[in-house]
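Pasting structure.pdb here (PDB, C-alpha atoms, pLDDT in the B column):
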```
ATOM      1  CA  MET A   1       0.000   0.000   0.000  1.00 42.00           C
ATOM      2  CA  ALA A   2       1.572   3.285  -1.125  1.00 51.00           C
ATOM      3  CA  HIS A   3      -0.253   5.510   1.323  1.00 74.00           C
ATOM      4  CA  GLN A   4      -1.212   4.665   4.876  1.00 87.00           C
ATOM      5  CA  PRO A   5      -3.247   7.246   6.731  1.00 95.00           C
ATOM      6  CA  GLU A   6      -2.610   7.995  10.375  1.00 96.00           C
ATOM      7  CA  VAL A   7      -5.433   6.254  12.247  1.00 97.00           C
ATOM      8  CA  ALA A   8      -6.413   7.319  15.749  1.00 98.00           C
ATOM      9  CA  PHE A   9      -9.158   6.069  18.030  1.00 98.00           C
ATOM     10  CA  HIS A  10     -10.591   8.508  20.560  1.00 97.00           C
ATOM     11  CA  PHE A  11     -12.313   6.312  23.162  1.00 95.00           C
ATOM     12  CA  ASN A  12     -14.658   7.038  26.074  1.00 95.00           C
ATOM     13  CA  VAL A  13     -15.987  10.277  24.591  1.00 96.00           C
ATOM     14  CA  PRO A  14     -18.807  11.291  26.952  1.00 93.00           C
ATOM     15  CA  ASP A  15     -20.179  14.144  24.809  1.00 94.00           C
ATOM     16  CA  PRO A  16     -19.446  13.514  21.114  1.00 95.00           C
ATOM     17  CA  LEU A  17     -20.936  16.839  19.993  1.00 95.00           C
ATOM     18  CA  ARG A  18     -18.702  18.982  22.222  1.00 93.00           C
ATOM     19  CA  TYR A  19     -15.729  16.789  21.361  1.00 94.00           C
ATOM     20  CA  LEU A  20     -16.391  17.235  17.642  1.00 95.00           C
ATOM     21  CA  LEU A  21     -16.652  21.003  17.951  1.00 93.00           C
ATOM     22  CA  ARG A  22     -13.220  21.221  19.586  1.00 92.00           C
ATOM     23  CA  LEU A  23     -11.717  18.699  17.156  1.00 95.00           C
ATOM     24  CA  LEU A  24     -13.047  20.519  14.089  1.00 95.00           C
ATOM     25  CA  ARG A  25     -11.670  23.807  15.398  1.00 92.00           C
ATOM     26  CA  LYS A  26      -8.221  22.147  15.605  1.00 94.00           C
ATOM     27  CA  VAL A  27      -8.583  20.658  12.115  1.00 95.00           C
ATOM     28  CA  ARG A  28      -9.402  24.098  10.669  1.00 93.00           C
ATOM     29  CA  GLN A  29      -6.620  25.810  12.644  1.00 92.00           C
ATOM     30  CA  ALA A  30      -4.262  23.320  10.999  1.00 95.00           C
ATOM     31  CA  GLY A  31      -5.633  24.382   7.604  1.00 95.00           C
ATOM     32  CA  MET A  32      -7.099  20.971   6.820  1.00 96.00           C
ATOM     33  CA  SER A  33     -10.480  19.901   5.465  1.00 96.00           C
ATOM     34  CA  ALA A  34     -12.595  17.138   6.989  1.00 97.00           C
ATOM     35  CA  LEU A  35     -15.457  14.786   6.298  1.00 97.00           C
ATOM     36  CA  VAL A  36     -17.517  13.933   9.375  1.00 98.00           C
ATOM     37  CA  CYS A  37     -19.644  10.777   9.154  1.00 97.00           C
ATOM     38  CA  ALA A  38     -22.075  10.619  12.065  1.00 97.00           C
ATOM     39  CA  PRO A  39     -25.466   9.115  12.906  1.00 96.00           C
ATOM     40  CA  PRO A  40     -28.354  11.275  11.610  1.00 96.00           C
ATOM     41  CA  ASP A  41     -29.278  12.906  14.948  1.00 96.00           C
ATOM     42  CA  LEU A  42     -25.677  13.811  15.744  1.00 96.00           C
ATOM     43  CA  ALA A  43     -25.059  15.057  12.183  1.00 96.00           C
ATOM     44  CA  ARG A  44     -28.068  17.373  12.506  1.00 95.00           C
ATOM     45  CA  GLU A  45     -26.951  18.608  15.958  1.00 95.00           C
ATOM     46  CA  LEU A  46     -23.414  19.220  14.678  1.00 95.00           C
ATOM     47  CA  ASP A  47     -24.669  21.215  11.709  1.00 93.00           C
ATOM     48  CA  GLN A  48     -26.728  23.448  14.020  1.00 91.00           C
ATOM     49  CA  ALA A  49     -23.989  23.760  16.643  1.00 92.00           C
ATOM     50  CA  LEU A  50     -21.377  24.848  14.097  1.00 90.00           C
ATOM     51  CA  TRP A  51     -23.573  27.842  13.237  1.00 84.00           C
ATOM     52  CA  THR A  52     -23.836  28.921  16.867  1.00 80.00           C
ATOM     53  CA  PHE A  53     -20.637  27.490  18.414  1.00 72.00           C
ATOM     54  CA  ALA A  54     -18.845  30.811  18.934  1.00 68.00           C
ATOM     55  CA  PRO A  55     -18.971  33.834  16.600  1.00 67.00           C
ATOM     56  CA  GLU A  56     -15.199  34.270  16.696  1.00 70.00           C
ATOM     57  CA  ASP A  57     -14.697  30.564  15.956  1.00 69.00           C
ATOM     58  CA  PHE A  58     -17.213  30.128  13.139  1.00 77.00           C
ATOM     59  CA  ILE A  59     -16.384  26.979  11.206  1.00 84.00           C
ATOM     60  CA  ALA A  60     -17.570  26.992   7.608  1.00 88.00           C
ATOM     61  CA  HIS A  61     -19.286  23.732   6.758  1.00 92.00           C
ATOM     62  CA  ALA A  62     -22.001  22.089   4.688  1.00 94.00           C
ATOM     63  CA  ARG A  63     -24.202  19.049   4.853  1.00 95.00           C
ATOM     64  CA  TRP A  64     -23.460  16.214   2.467  1.00 94.00           C
ATOM     65  CA  ASP A  65     -26.835  16.725   0.778  1.00 93.00           C
ATOM     66  CA  ALA A  66     -26.153  20.433   0.037  1.00 93.00           C
ATOM     67  CA  GLU A  67     -25.784  21.623  -3.549  1.00 93.00           C
ATOM     68  CA  GLU A  68     -22.503  20.694  -5.209  1.00 91.00           C
ATOM     69  CA  SER A  69     -21.426  24.348  -5.448  1.00 92.00           C
ATOM     70  CA  VAL A  70     -21.813  24.721  -1.666  1.00 91.00           C
ATOM     71  CA  ARG A  71     -19.986  21.461  -0.934  1.00 89.00           C
ATOM     72  CA  ALA A  72     -17.139  22.452  -3.252  1.00 88.00           C
ATOM     73  CA  HIS A  73     -16.410  25.571  -1.169  1.00 91.00           C
ATOM     74  CA  SER A  74     -16.823  24.002   2.282  1.00 93.00           C
ATOM     75  CA  PRO A  75     -13.797  22.826   4.266  1.00 95.00           C
ATOM     76  CA  ILE A  76     -16.008  20.642   6.482  1.00 96.00           C
ATOM     77  CA  LEU A  77     -18.674  18.272   5.178  1.00 96.00           C
ATOM     78  CA  ILE A  78     -21.128  16.507   7.468  1.00 97.00           C
ATOM     79  CA  ALA A  79     -22.716  13.247   6.315  1.00 97.00           C
ATOM     80  CA  ASP A  80     -25.255  11.070   8.119  1.00 96.00           C
ATOM     81  CA  GLN A  81     -23.964   7.916   6.447  1.00 95.00           C
ATOM     82  CA  ALA A  82     -20.711   6.381   5.223  1.00 95.00           C
ATOM     83  CA  VAL A  83     -19.658   8.376   2.153  1.00 95.00           C
ATOM     84  CA  VAL A  84     -16.447   9.311   0.338  1.00 94.00           C
ATOM     85  CA  TRP A  85     -15.176  12.862  -0.161  1.00 92.00           C
ATOM     86  CA  PRO A  86     -11.914  12.848  -2.135  1.00 87.00           C
ATOM     87  CA  GLY A  87     -11.275  16.509  -1.286  1.00 84.00           C
ATOM     88  CA  ALA A  88     -10.938  15.978   2.456  1.00 94.00           C
ATOM     89  CA  GLU A  89      -7.679  15.370   4.279  1.00 97.00           C
ATOM     90  CA  VAL A  90      -9.260  14.127   7.511  1.00 98.00           C
ATOM     91  CA  LEU A  91     -12.031  11.574   7.942  1.00 98.00           C
ATOM     92  CA  ILE A  92     -13.814  11.703  11.294  1.00 98.00           C
ATOM     93  CA  ASN A  93     -15.988   8.641  11.793  1.00 97.00           C
ATOM     94  CA  LEU A  94     -18.659   8.319  14.463  1.00 96.00           C
ATOM     95  CA  LEU A  95     -20.816   5.730  12.728  1.00 95.00           C
ATOM     96  CA  PRO A  96     -21.323   2.583  14.812  1.00 93.00           C
ATOM     97  CA  LEU A  97     -20.526   0.267  11.903  1.00 94.00           C
ATOM     98  CA  SER A  98     -18.280  -2.768  12.168  1.00 94.00           C
ATOM     99  CA  GLU A  99     -16.732  -2.262   8.717  1.00 95.00           C
ATOM    100  CA  LEU A 100     -14.080   0.314   7.944  1.00 95.00           C
ATOM    101  CA  PRO A 101     -15.194   3.577   6.317  1.00 95.00           C
ATOM    102  CA  PRO A 102     -15.176   3.430   2.509  1.00 95.00           C
ATOM    103  CA  ALA A 103     -11.946   4.634   0.868  1.00 95.00           C
ATOM    104  CA  TYR A 104     -10.464   5.476   4.297  1.00 96.00           C
ATOM    105  CA  GLU A 105      -6.973   4.971   2.867  1.00 94.00           C
ATOM    106  CA  ASP A 106      -7.426   8.079   0.680  1.00 94.00           C
ATOM    107  CA  TYR A 107      -7.323  10.430   3.699  1.00 96.00           C
ATOM    108  CA  ARG A 108      -4.222  11.716   5.501  1.00 96.00           C
ATOM    109  CA  LYS A 109      -5.828  11.100   8.883  1.00 97.00           C
ATOM    110  CA  VAL A 110      -8.686   8.932  10.073  1.00 98.00           C
ATOM    111  CA  ILE A 111     -10.143   9.699  13.486  1.00 98.00           C
ATOM    112  CA  GLU A 112     -12.539   7.193  14.975  1.00 98.00           C
ATOM    113  CA  ILE A 113     -14.591   8.703  17.795  1.00 97.00           C
ATOM    114  CA  VAL A 114     -16.094   6.156  20.162  1.00 96.00           C
ATOM    115  CA  GLY A 115     -18.659   7.138  22.764  1.00 94.00           C
ATOM    116  CA  LEU A 116     -19.829   5.281  25.832  1.00 94.00           C
ATOM    117  CA  ASP A 117     -22.643   3.206  24.270  1.00 92.00           C
ATOM    118  CA  GLN A 118     -22.029  -0.538  24.071  1.00 93.00           C
ATOM    119  CA  PRO A 119     -23.026  -1.101  20.406  1.00 91.00           C
ATOM    120  CA  GLY A 120     -20.656   1.677  19.313  1.00 92.00           C
ATOM    121  CA  ARG A 121     -17.843   0.272  21.441  1.00 95.00           C
ATOM    122  CA  GLU A 122     -18.310  -3.238  20.032  1.00 96.00           C
ATOM    123  CA  ALA A 123     -18.262  -1.944  16.450  1.00 96.00           C
ATOM    124  CA  ALA A 124     -15.120   0.096  17.236  1.00 96.00           C
ATOM    125  CA  ARG A 125     -13.364  -3.022  18.533  1.00 96.00           C
ATOM    126  CA  LEU A 126     -14.062  -4.765  15.220  1.00 97.00           C
ATOM    127  CA  ARG A 127     -12.747  -1.779  13.234  1.00 97.00           C
ATOM    128  CA  TRP A 128      -9.655  -1.668  15.485  1.00 97.00           C
ATOM    129  CA  ARG A 129      -8.921  -5.324  14.695  1.00 97.00           C
ATOM    130  CA  THR A 130      -9.418  -4.774  10.974  1.00 97.00           C
ATOM    131  CA  TYR A 131      -7.140  -1.726  10.845  1.00 97.00           C
ATOM    132  CA  THR A 132      -4.491  -3.667  12.796  1.00 96.00           C
ATOM    133  CA  ALA A 133      -4.830  -6.673  10.477  1.00 96.00           C
ATOM    134  CA  GLN A 134      -4.218  -4.329   7.538  1.00 94.00           C
ATOM    135  CA  GLY A 135      -0.924  -3.201   9.051  1.00 93.00           C
ATOM    136  CA  HIS A 136      -1.863   0.127  10.625  1.00 93.00           C
ATOM    137  CA  SER A 137      -0.226   1.146  13.864  1.00 91.00           C
ATOM    138  CA  LEU A 138      -3.069   2.846  15.686  1.00 96.00           C
ATOM    139  CA  LYS A 139      -2.983   5.774  18.059  1.00 97.00           C
ATOM    140  CA  ARG A 140      -5.207   5.553  21.109  1.00 95.00           C
ATOM    141  CA  HIS A 141      -6.623   8.555  22.952  1.00 94.00           C
ATOM    142  CA  ASP A 142      -8.691   7.979  26.077  1.00 94.00           C
ATOM    143  CA  ALA A 143     -10.941  11.043  26.312  1.00 90.00           C
ATOM    144  CA  ALA A 144     -12.112  10.188  29.831  1.00 81.00           C
ATOM    145  CA  ALA A 145      -8.531   9.908  31.128  1.00 79.00           C
ATOM    146  CA  ALA A 146      -7.544  13.146  29.391  1.00 74.00           C
ATOM    147  CA  ALA A 147     -10.516  14.991  30.932  1.00 70.00           C
ATOM    148  CA  ALA A 148      -9.646  13.673  34.398  1.00 69.00           C
ATOM    149  CA  ALA A 149      -6.003  14.783  34.135  1.00 63.00           C
TER     150      ALA A 149
END
```

Take the structure from the file and write it as structure tokens.
Amino acid sequence: MAHQPEVAFHFNVPDPLRYLLRLLRKVRQAGMSALVCAPPDLARELDQALWTFAPEDFIAHARWDAEESVRAHSPILIADQAVVWPGAEVLINLLPLSELPPAYEDYRKVIEIVGLDQPGREAARLRWRTYTAQGHSLKRHDAAAAAAA
């Protein structure tokens, strides 16, 4: 494989929406673009929160189902399903699916965010094993431990 993205798992995330807002701010501060794949309710909440997050920290974004001209000029795309966006450098996955995101190897970074719910944790364990079996050395971030420190 010519290109291997950096893959990181962020475990024990108690509030995925707040976590995403901070993470997307860092992604934009680094000058990168991102695709966020999240369950429908969270995708909708994220879209709304990015409009009202903080006026000085506005993060330009679009929903996956927006017009092509809007998507083409947005550094952050939010999808409520597993999709592929060749223009993004970072893929942030919150979908509780056991299979790896489609075309994940085309991104520079893949960030898997895992909450506290059991089905999501089980699916993340399966993805972890698959990434490892494909030769990725994974980074692990324990959000609960980091918050307690």

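Residues in contact range of stretch 115-128 of chain A, defined as at most 7 Å between only C-alpha atoms, with sequence neighbours fewer than 5 positions away removed, read Phe11, Asn12, Val13, Pro14, Pro16, Pro96, Leu97, Ser98, Glu99 and Leu100 of chain A.
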
Quiz item: Which residue, A:Leu77, A:Tyr104, A:Tyr131, A:Asp142, has the smallest gap to A:His3 when you use all atoms listed in the file?
Solution: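 Once distances to A:His3 are computed over all atoms listed in the file, the minimum belongs to A:Tyr104.
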
Quiz prompt | Residue nearest A:Val7 - candidates A:Lys109, A:Arg28, A:Arg129, A:His141, atoms counted: all atoms listed in the file | solution =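 Ranking A:Lys109, A:Arg28, A:Arg129, A:His141 by distance to A:Val7, first place goes to A:Lys109.
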
Exercise. Using only C-alpha atoms, pick whichever of A:Ala66, A:Ala82, A:Leu95, A:Leu24 has the shortest atom-to-atom distance to A:Asp41.
Key: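 Residue with the minimum atom-to-atom distance to A:Asp41: A:Leu95.
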
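Using all atoms listed in the file, the smallest distance between any of A:Val36, A:Leu91, A:Ala146, A:Leu46 and A:Ala79 comes from A:Val36.
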
Quiz item: Which is closest to A:Cys37 among A:Val83, A:Thr130, A:Arg140, A:Tyr107, if we use only C-alpha atoms?
Solution: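 Of A:Val83, A:Thr130, A:Arg140, A:Tyr107, the one nearest A:Cys37 is A:Val83, counting only C-alpha atoms.
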
Quiz prompt | Between atom CA of A:Leu20 and atom CA of A:Ala38 - distance in Å to one decimal | solution =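 Between atom CA of A:Ala38 and atom CA of A:Leu20 the gap is 10.4 Å.
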
Exercise. Work out how far atom CA of A:Phe58 is from atom CA of A:Phe9, in Å to one decimal.
Key: 25.8 Å

Practice problem: Considering only C-alpha atoms, return as a PyMOL selection string whatever protein or nucleic-acid residues lie within 12 Å of stretch 59-64 of chain A, sequence-local ones (same chain, fewer than 2 positions apart) excluded. | Solution: chain A and resi 20-29+31-38+40+43-57+66-85

Self-check item: Residues selected by the PyMOL selection byres ((chain A and resi 4) around 12), written as an NGL selection string
Solution: :A and (1-3 or 5-7 or 103-110 or 131-132 or 134-138)

Each side padded by 3 Å, which centre and which edge lengths in Å (one decimal) define the axis-aligned box around the listed atoms of stretch 108-123 of chain A? Give them as AutoDock Vina command-line options.
```
--center_x -13.6 --center_y 4.2 --center_z 15.7 --size_x 24.8 --size_y 21.0 --size_z 26.3
```

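Computed from the coordinates, the atom CA of A:Pro102 to atom CA of A:Asp65 distance equals 17.8 Å.
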
As a PDB file, in the frame of the given file, could you write out stretch 71-82 of chain A once it has been completed with all heavy atoms?
```pdb
ATOM      1  N   ARG A  71     -20.940  22.471  -1.424  1.00 89.00           N
ATOM      2  CA  ARG A  71     -19.986  21.461  -0.934  1.00 89.00           C
ATOM      3  C   ARG A  71     -18.571  21.758  -1.433  1.00 89.00           C
ATOM      4  O   ARG A  71     -17.610  21.583  -0.696  1.00 89.00           O
ATOM      5  CB  ARG A  71     -20.405  20.054  -1.370  1.00 89.00           C
ATOM      6  CG  ARG A  71     -21.624  19.546  -0.666  1.00 89.00           C
ATOM      7  CD  ARG A  71     -21.836  18.055  -0.797  1.00 89.00           C
ATOM      8  NE  ARG A  71     -21.377  17.443  -2.007  1.00 89.00           N
ATOM      9  CZ  ARG A  71     -22.163  16.895  -2.934  1.00 89.00           C
ATOM     10  NH1 ARG A  71     -23.472  16.908  -2.793  1.00 89.00           N
ATOM     11  NH2 ARG A  71     -21.650  16.326  -3.992  1.00 89.00           N
ATOM     12  N   ALA A  72     -18.458  22.204  -2.660  1.00 88.00           N
ATOM     13  CA  ALA A  72     -17.139  22.452  -3.252  1.00 88.00           C
ATOM     14  C   ALA A  72     -16.372  23.551  -2.522  1.00 88.00           C
ATOM     15  O   ALA A  72     -15.145  23.567  -2.550  1.00 88.00           O
ATOM     16  CB  ALA A  72     -17.294  22.815  -4.729  1.00 88.00           C
ATOM     17  N   HIS A  73     -17.061  24.452  -1.858  1.00 91.00           N
ATOM     18  CA  HIS A  73     -16.410  25.571  -1.169  1.00 91.00           C
ATOM     19  C   HIS A  73     -16.392  25.404   0.344  1.00 91.00           C
ATOM     20  O   HIS A  73     -16.058  26.335   1.066  1.00 91.00           O
ATOM     21  CB  HIS A  73     -17.098  26.886  -1.547  1.00 91.00           C
ATOM     22  CG  HIS A  73     -16.868  27.257  -2.982  1.00 91.00           C
ATOM     23  ND1 HIS A  73     -17.708  26.863  -3.985  1.00 91.00           N
ATOM     24  CD2 HIS A  73     -15.858  27.931  -3.566  1.00 91.00           C
ATOM     25  CE1 HIS A  73     -17.252  27.307  -5.138  1.00 91.00           C
ATOM     26  NE2 HIS A  73     -16.115  27.949  -4.917  1.00 91.00           N
ATOM     27  N   SER A  74     -16.756  24.234   0.836  1.00 93.00           N
ATOM     28  CA  SER A  74     -16.823  24.002   2.282  1.00 93.00           C
ATOM     29  C   SER A  74     -15.641  23.160   2.742  1.00 93.00           C
ATOM     30  O   SER A  74     -15.390  22.095   2.176  1.00 93.00           O
ATOM     31  CB  SER A  74     -18.130  23.305   2.639  1.00 93.00           C
ATOM     32  OG  SER A  74     -19.223  24.120   2.289  1.00 93.00           O
ATOM     33  N   PRO A  75     -14.928  23.610   3.764  1.00 95.00           N
ATOM     34  CA  PRO A  75     -13.797  22.826   4.266  1.00 95.00           C
ATOM     35  C   PRO A  75     -14.224  21.666   5.168  1.00 95.00           C
ATOM     36  O   PRO A  75     -13.446  20.766   5.420  1.00 95.00           O
ATOM     37  CB  PRO A  75     -12.986  23.849   5.053  1.00 95.00           C
ATOM     38  CG  PRO A  75     -14.000  24.845   5.501  1.00 95.00           C
ATOM     39  CD  PRO A  75     -15.031  24.907   4.413  1.00 95.00           C
ATOM     40  N   ILE A  76     -15.475  21.702   5.634  1.00 96.00           N
ATOM     41  CA  ILE A  76     -16.008  20.642   6.482  1.00 96.00           C
ATOM     42  C   ILE A  76     -17.313  20.155   5.865  1.00 96.00           C
ATOM     43  O   ILE A  76     -18.203  20.956   5.590  1.00 96.00           O
ATOM     44  CB  ILE A  76     -16.315  21.153   7.922  1.00 96.00           C
ATOM     45  CG1 ILE A  76     -15.088  21.788   8.561  1.00 96.00           C
ATOM     46  CG2 ILE A  76     -16.916  20.033   8.775  1.00 96.00           C
ATOM     47  CD1 ILE A  76     -13.970  20.844   8.920  1.00 96.00           C
ATOM     48  N   LEU A  77     -17.419  18.855   5.647  1.00 96.00           N
ATOM     49  CA  LEU A  77     -18.674  18.272   5.178  1.00 96.00           C
ATOM     50  C   LEU A  77     -19.182  17.318   6.238  1.00 96.00           C
ATOM     51  O   LEU A  77     -18.405  16.542   6.815  1.00 96.00           O
ATOM     52  CB  LEU A  77     -18.482  17.512   3.864  1.00 96.00           C
ATOM     53  CG  LEU A  77     -18.429  18.330   2.590  1.00 96.00           C
ATOM     54  CD1 LEU A  77     -18.342  17.416   1.366  1.00 96.00           C
ATOM     55  CD2 LEU A  77     -19.617  19.252   2.455  1.00 96.00           C
ATOM     56  N   ILE A  78     -20.491  17.355   6.469  1.00 97.00           N
ATOM     57  CA  ILE A  78     -21.128  16.507   7.468  1.00 97.00           C
ATOM     58  C   ILE A  78     -22.080  15.556   6.751  1.00 97.00           C
ATOM     59  O   ILE A  78     -22.990  16.002   6.042  1.00 97.00           O
ATOM     60  CB  ILE A  78     -21.927  17.346   8.484  1.00 97.00           C
ATOM     61  CG1 ILE A  78     -21.012  18.378   9.152  1.00 97.00           C
ATOM     62  CG2 ILE A  78     -22.599  16.445   9.510  1.00 97.00           C
ATOM     63  CD1 ILE A  78     -21.772  19.446   9.924  1.00 97.00           C
ATOM     64  N   ALA A  79     -21.862  14.263   6.936  1.00 97.00           N
ATOM     65  CA  ALA A  79     -22.716  13.247   6.315  1.00 97.00           C
ATOM     66  C   ALA A  79     -23.354  12.389   7.398  1.00 97.00           C
ATOM     67  O   ALA A  79     -22.740  12.133   8.431  1.00 97.00           O
ATOM     68  CB  ALA A  79     -21.898  12.372   5.369  1.00 97.00           C
ATOM     69  N   ASP A  80     -24.573  11.928   7.139  1.00 96.00           N
ATOM     70  CA  ASP A  80     -25.255  11.070   8.119  1.00 96.00           C
ATOM     71  C   ASP A  80     -25.214   9.606   7.691  1.00 96.00           C
ATOM     72  O   ASP A  80     -26.046   8.811   8.070  1.00 96.00           O
ATOM     73  CB  ASP A  80     -26.685  11.547   8.352  1.00 96.00           C
ATOM     74  CG  ASP A  80     -27.536  11.516   7.095  1.00 96.00           C
ATOM     75  OD1 ASP A  80     -27.063  11.025   6.050  1.00 96.00           O
ATOM     76  OD2 ASP A  80     -28.685  11.997   7.169  1.00 96.00           O
ATOM     77  N   GLN A  81     -24.188   9.280   6.909  1.00 95.00           N
ATOM     78  CA  GLN A  81     -23.964   7.916   6.447  1.00 95.00           C
ATOM     79  C   GLN A  81     -22.505   7.792   6.005  1.00 95.00           C
ATOM     80  O   GLN A  81     -21.794   8.787   5.954  1.00 95.00           O
ATOM     81  CB  GLN A  81     -24.900   7.605   5.273  1.00 95.00           C
ATOM     82  CG  GLN A  81     -24.700   8.573   4.109  1.00 95.00           C
ATOM     83  CD  GLN A  81     -25.747   8.420   3.036  1.00 95.00           C
ATOM     84  OE1 GLN A  81     -26.018   7.304   2.617  1.00 95.00           O
ATOM     85  NE2 GLN A  81     -26.320   9.518   2.583  1.00 95.00           N
ATOM     86  N   ALA A  82     -22.088   6.594   5.689  1.00 95.00           N
ATOM     87  CA  ALA A  82     -20.711   6.381   5.223  1.00 95.00           C
ATOM     88  C   ALA A  82     -20.630   6.812   3.765  1.00 95.00           C
ATOM     89  O   ALA A  82     -21.300   6.249   2.901  1.00 95.00           O
ATOM     90  CB  ALA A  82     -20.326   4.915   5.375  1.00 95.00           C
TER      91      ALA A  82
END
```
